[in-house]
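Here the structure is laid out as C-alpha cells; the discussion comes afterwards.
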Amino acid sequence: AIVPRLRELVELARAQGIPLISSVDAHPVDDPEFADWPPHAIVDTPGQAKIAATTTGAEQVVPNQPGVALPDPAAAHVVLEKQQLPVFHNQHAEAVFAATGATRVVVFGVVTECCVKEAVLGLLARGYAVDVVEDAIWPIQAADGEAALAAMAAAGANRVRTADVVSQHVSQA
C-alpha cells in the first residue's frame with residue numbers, strides 16, 4: 001500500500017540531490033534475535049533485499065563491522081546493515097548521518113512500531129529535527145503503529161505526509 005509513496009520519496013531525493021540513507025536488517029541464520037522475532041532478513045537471501053521501489057542503483061552497503069570505508073552520502077545511496085532494531089546499532093551510522101551535514105531528516109519505511117520508531121527516536125536524541133512521513137510507513141499492528149506515531153510526536157518528531165515533503169522540496173528547487 002505504501003510502495004508508490006516510497007518510490008516517490010526515493011525519486012525525489014535522487015532528483016534533488018538529497019542524501020539517501022537506508023537501513024536493512026542483516027541477520028545470520030542463527031541470530032539470537034530469532035528467539036523474540038520470527039526469522040527474517042537472513043544475509044544473502046531474498047528476504048534481506050530492499051524492495052525495488054526503494055533502490056536507486058547507487059547503493060553502497062555499510063556492514064556493521066570495524067574497518068569499513070564509508071561512502072560519501074552525497075555520492076551514494078548508503079545502506080546501513082544492522083542486526084538490531086535501532087539503526088544506530090550500526091557502528092558507522094552516526095558518522096554517515098554526520099557526513100550529510102543535515103540538521104533535518106525525513107524518515108519513511110517499515111516497520112512503524114519497530115525500526116521506524118527506533119530510527120526517529122535515535123535521530124531526535126542526536127539533535128536532528130525529524131519529519132516522519134505517516135503515509136509512507138507501515139505497522140505490523142495498526143494500534144501499535146498509532147501508539148508509535150504518538151510516541152514519536154511526543155518526543156518531537158513532526159508528522160508529515162508525502163505531499164508535504166514533495167511540495168516543500170519542489171518549491172525550494
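Residue numbering restarts at 1 for every chain of the C-alpha cells, chains are lettered A, B, ... in their displayed order, and ligands are numbered from 1 as they appear.
Near A:Ala74, within a cut-off of 9 Å and counting only C-alpha atoms, sit the residues Gly17, Ile18, Pro19, Leu20, Pro71, His77, Ala99 and Thr100 of chain A, with same-chain residues fewer than 3 positions away left out.
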Written file, previous selection with all heavy atoms, as a short mmCIF file (atom, residue, chain, number, x, y, z; two decimals), in the first residue's frame:
```
data_model
loop_
_atom_site.label_atom_id
_atom_site.label_comp_id
_atom_site.auth_asym_id
_atom_site.auth_seq_id
_atom_site.Cartn_x
_atom_site.Cartn_y
_atom_site.Cartn_z
N GLY A 17 19.13 15.66 -5.31
CA GLY A 17 20.48 15.51 -4.75
C GLY A 17 20.49 15.46 -3.24
O GLY A 17 21.47 15.85 -2.60
N ILE A 18 19.40 14.97 -2.66
CA ILE A 18 19.29 14.85 -1.21
C ILE A 18 19.93 13.52 -0.80
O ILE A 18 19.59 12.48 -1.36
CB ILE A 18 17.81 14.89 -0.77
CG1 ILE A 18 17.17 16.22 -1.19
CG2 ILE A 18 17.67 14.65 0.72
CD1 ILE A 18 15.65 16.23 -1.10
N PRO A 19 20.84 13.54 0.18
CA PRO A 19 21.44 12.27 0.61
C PRO A 19 20.36 11.27 1.05
O PRO A 19 19.40 11.64 1.72
CB PRO A 19 22.32 12.67 1.80
CG PRO A 19 22.64 14.11 1.56
CD PRO A 19 21.40 14.68 0.91
N LEU A 20 20.54 10.04 0.64
CA LEU A 20 19.58 8.98 0.95
C LEU A 20 20.31 7.91 1.76
O LEU A 20 21.28 7.32 1.29
CB LEU A 20 19.02 8.40 -0.34
CG LEU A 20 17.85 7.45 -0.25
CD1 LEU A 20 16.66 8.08 0.44
CD2 LEU A 20 17.45 7.00 -1.65
N PRO A 71 31.19 5.31 2.49
CA PRO A 71 30.91 6.06 1.25
C PRO A 71 30.49 7.48 1.57
O PRO A 71 30.03 7.78 2.67
CB PRO A 71 29.76 5.27 0.62
CG PRO A 71 29.13 4.53 1.74
CD PRO A 71 30.19 4.31 2.77
N HIS A 77 23.88 6.09 -2.37
CA HIS A 77 22.73 5.74 -1.53
C HIS A 77 23.29 4.78 -0.48
O HIS A 77 23.56 3.62 -0.76
CB HIS A 77 21.67 5.07 -2.39
CG HIS A 77 20.51 4.53 -1.64
ND1 HIS A 77 19.46 3.92 -2.29
CD2 HIS A 77 20.20 4.48 -0.33
CE1 HIS A 77 18.57 3.52 -1.40
NE2 HIS A 77 19.00 3.84 -0.20
N ALA A 99 28.07 13.03 8.14
CA ALA A 99 28.70 13.39 6.86
C ALA A 99 27.73 14.07 5.90
O ALA A 99 28.16 14.73 4.96
CB ALA A 99 29.31 12.15 6.21
N THR A 100 26.42 13.93 6.13
CA THR A 100 25.45 14.59 5.25
C THR A 100 25.38 16.09 5.51
O THR A 100 24.96 16.84 4.64
CB THR A 100 24.03 14.02 5.43
OG1 THR A 100 23.54 14.37 6.73
CG2 THR A 100 23.99 12.51 5.22
#
```
Could you pull the residues within 8 Å of A:Ala41, counting only C-alpha atoms, minus those fewer than 5 positions along the same chain, as number ranges by chain? A: 24-27, 46-49
Could the residues in this selection be written to a file with all heavy atoms, as a PDB file, in the first residue's frame?
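Listing of part.pdb after writing:
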```pdb
ATOM      1  N   VAL A  24      18.963  -1.864   6.413  1.00  0.00           N
ATOM      2  CA  VAL A  24      18.413  -3.201   6.200  1.00  0.00           C
ATOM      3  C   VAL A  24      18.872  -4.080   7.350  1.00  0.00           C
ATOM      4  O   VAL A  24      19.983  -3.924   7.854  1.00  0.00           O
ATOM      5  CB  VAL A  24      18.848  -3.840   4.858  1.00  0.00           C
ATOM      6  CG1 VAL A  24      18.280  -3.080   3.679  1.00  0.00           C
ATOM      7  CG2 VAL A  24      20.349  -3.963   4.753  1.00  0.00           C
ATOM      8  N   ASP A  25      18.013  -4.964   7.769  1.00  0.00           N
ATOM      9  CA  ASP A  25      18.439  -5.975   8.715  1.00  0.00           C
ATOM     10  C   ASP A  25      19.378  -6.931   7.986  1.00  0.00           C
ATOM     11  O   ASP A  25      19.222  -7.162   6.781  1.00  0.00           O
ATOM     12  CB  ASP A  25      17.243  -6.748   9.265  1.00  0.00           C
ATOM     13  CG  ASP A  25      16.459  -5.969  10.313  1.00  0.00           C
ATOM     14  OD1 ASP A  25      16.763  -4.784  10.534  1.00  0.00           O
ATOM     15  OD2 ASP A  25      15.548  -6.558  10.906  1.00  0.00           O
ATOM     16  N   ALA A  26      20.337  -7.466   8.716  1.00  0.00           N
ATOM     17  CA  ALA A  26      21.318  -8.395   8.142  1.00  0.00           C
ATOM     18  C   ALA A  26      21.623  -9.450   9.197  1.00  0.00           C
ATOM     19  O   ALA A  26      22.585  -9.346   9.948  1.00  0.00           O
ATOM     20  CB  ALA A  26      22.587  -7.645   7.733  1.00  0.00           C
ATOM     21  N   HIS A  27      20.751 -10.451   9.267  1.00  0.00           N
ATOM     22  CA  HIS A  27      20.850 -11.450  10.327  1.00  0.00           C
ATOM     23  C   HIS A  27      21.521 -12.729   9.846  1.00  0.00           C
ATOM     24  O   HIS A  27      21.210 -13.221   8.759  1.00  0.00           O
ATOM     25  CB  HIS A  27      19.453 -11.816  10.838  1.00  0.00           C
ATOM     26  CG  HIS A  27      18.729 -10.673  11.460  1.00  0.00           C
ATOM     27  ND1 HIS A  27      19.129 -10.100  12.646  1.00  0.00           N
ATOM     28  CD2 HIS A  27      17.630  -9.983  11.063  1.00  0.00           C
ATOM     29  CE1 HIS A  27      18.294  -9.113  12.956  1.00  0.00           C
ATOM     30  NE2 HIS A  27      17.385  -9.022  12.002  1.00  0.00           N
ATOM     31  N   PRO A  46      16.775 -13.656  -0.435  1.00  0.00           N
ATOM     32  CA  PRO A  46      15.854 -12.657  -0.998  1.00  0.00           C
ATOM     33  C   PRO A  46      15.132 -11.840   0.071  1.00  0.00           C
ATOM     34  O   PRO A  46      14.788 -10.687  -0.159  1.00  0.00           O
ATOM     35  CB  PRO A  46      14.874 -13.501  -1.821  1.00  0.00           C
ATOM     36  CG  PRO A  46      15.649 -14.732  -2.180  1.00  0.00           C
ATOM     37  CD  PRO A  46      16.542 -14.999  -0.982  1.00  0.00           C
ATOM     38  N   GLY A  47      14.928 -12.417   1.244  1.00  0.00           N
ATOM     39  CA  GLY A  47      14.242 -11.707   2.320  1.00  0.00           C
ATOM     40  C   GLY A  47      15.033 -10.551   2.890  1.00  0.00           C
ATOM     41  O   GLY A  47      14.489  -9.728   3.619  1.00  0.00           O
ATOM     42  N   GLN A  48      16.316 -10.473   2.570  1.00  0.00           N
ATOM     43  CA  GLN A  48      17.121  -9.356   3.051  1.00  0.00           C
ATOM     44  C   GLN A  48      17.123  -8.191   2.051  1.00  0.00           C
ATOM     45  O   GLN A  48      17.458  -7.063   2.399  1.00  0.00           O
ATOM     46  CB  GLN A  48      18.568  -9.788   3.321  1.00  0.00           C
ATOM     47  CG  GLN A  48      19.344  -8.690   4.011  1.00  0.00           C
ATOM     48  CD  GLN A  48      20.838  -8.778   3.838  1.00  0.00           C
ATOM     49  OE1 GLN A  48      21.361  -9.501   3.016  1.00  0.00           O
ATOM     50  NE2 GLN A  48      21.540  -8.004   4.647  1.00  0.00           N
ATOM     51  N   ALA A  49      16.741  -8.448   0.836  1.00  0.00           N
ATOM     52  CA  ALA A  49      16.837  -7.433  -0.222  1.00  0.00           C
ATOM     53  C   ALA A  49      15.853  -6.294  -0.008  1.00  0.00           C
ATOM     54  O   ALA A  49      14.740  -6.492   0.471  1.00  0.00           O
ATOM     55  CB  ALA A  49      16.580  -8.085  -1.576  1.00  0.00           C
TER      56      ALA A  49
END
```
Which residues of stretch 42-117 of chain A come within 10 Å of stretch 153-159 of chain A, and for each one, what is the closest pair of atoms and their distance in Å to one decimal, counting only C-alpha atoms, sorted by chain and residue number, as a Markdown table?
```
| residue | atom | partner | partner_atom | distance |
| --- | --- | --- | --- | --- |
| A:Val105 | CA | A:Ala157 | CA | 9.9 |
| A:Val106 | CA | A:Asn158 | CA | 9.4 |
| A:Val107 | CA | A:Ala157 | CA | 9.8 |
```
For the residues in that selection, give me N, CA, C and O atoms as a short mmCIF file (atom, residue, chain, number, x, y, z; two decimals), in the first residue's frame.
```
data_model
loop_
_atom_site.label_atom_id
_atom_site.label_comp_id
_atom_site.auth_asym_id
_atom_site.auth_seq_id
_atom_site.Cartn_x
_atom_site.Cartn_y
_atom_site.Cartn_z
N VAL A 105 15.93 15.49 9.09
CA VAL A 105 15.90 14.19 8.43
C VAL A 105 14.45 13.79 8.21
O VAL A 105 13.60 13.99 9.09
N VAL A 106 14.16 13.22 7.05
CA VAL A 106 12.84 12.72 6.71
C VAL A 106 12.90 11.20 6.79
O VAL A 106 13.75 10.57 6.15
N VAL A 107 12.02 10.59 7.59
CA VAL A 107 12.04 9.15 7.82
C VAL A 107 10.77 8.51 7.25
O VAL A 107 9.67 9.00 7.48
#
```
When you look at A:Glu8 with a cut-off of 10 Å (counting only C-alpha atoms), what residues show up, excluding the ones that are within fewer than 3 positions of it in the same chain? I need them as a VMD selection string. chain A and resid 3 to 5 11 to 14 53 to 54 136 162 to 163 166
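Closest to A:Val133 among A:Asp72, A:Glu146, A:Glu113, A:Asp164 is A:Asp164, based on only C-alpha atoms.
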Looking only at the backbone, which of the residues in chain A does DSSP tag as alpha helix (DSSP H), as a PyMOL selection string? chain A and resi 3-16+93-100+117-125+142-155+162-172
Would you mind writing down, as a PyMOL selection string, each residue of stretch 19-159 of chain A that DSSP on the backbone assigns to strand (DSSP E or B)? chain A and resi 20-25+27+42+59-62+77-82+104-110+129-138+158-159
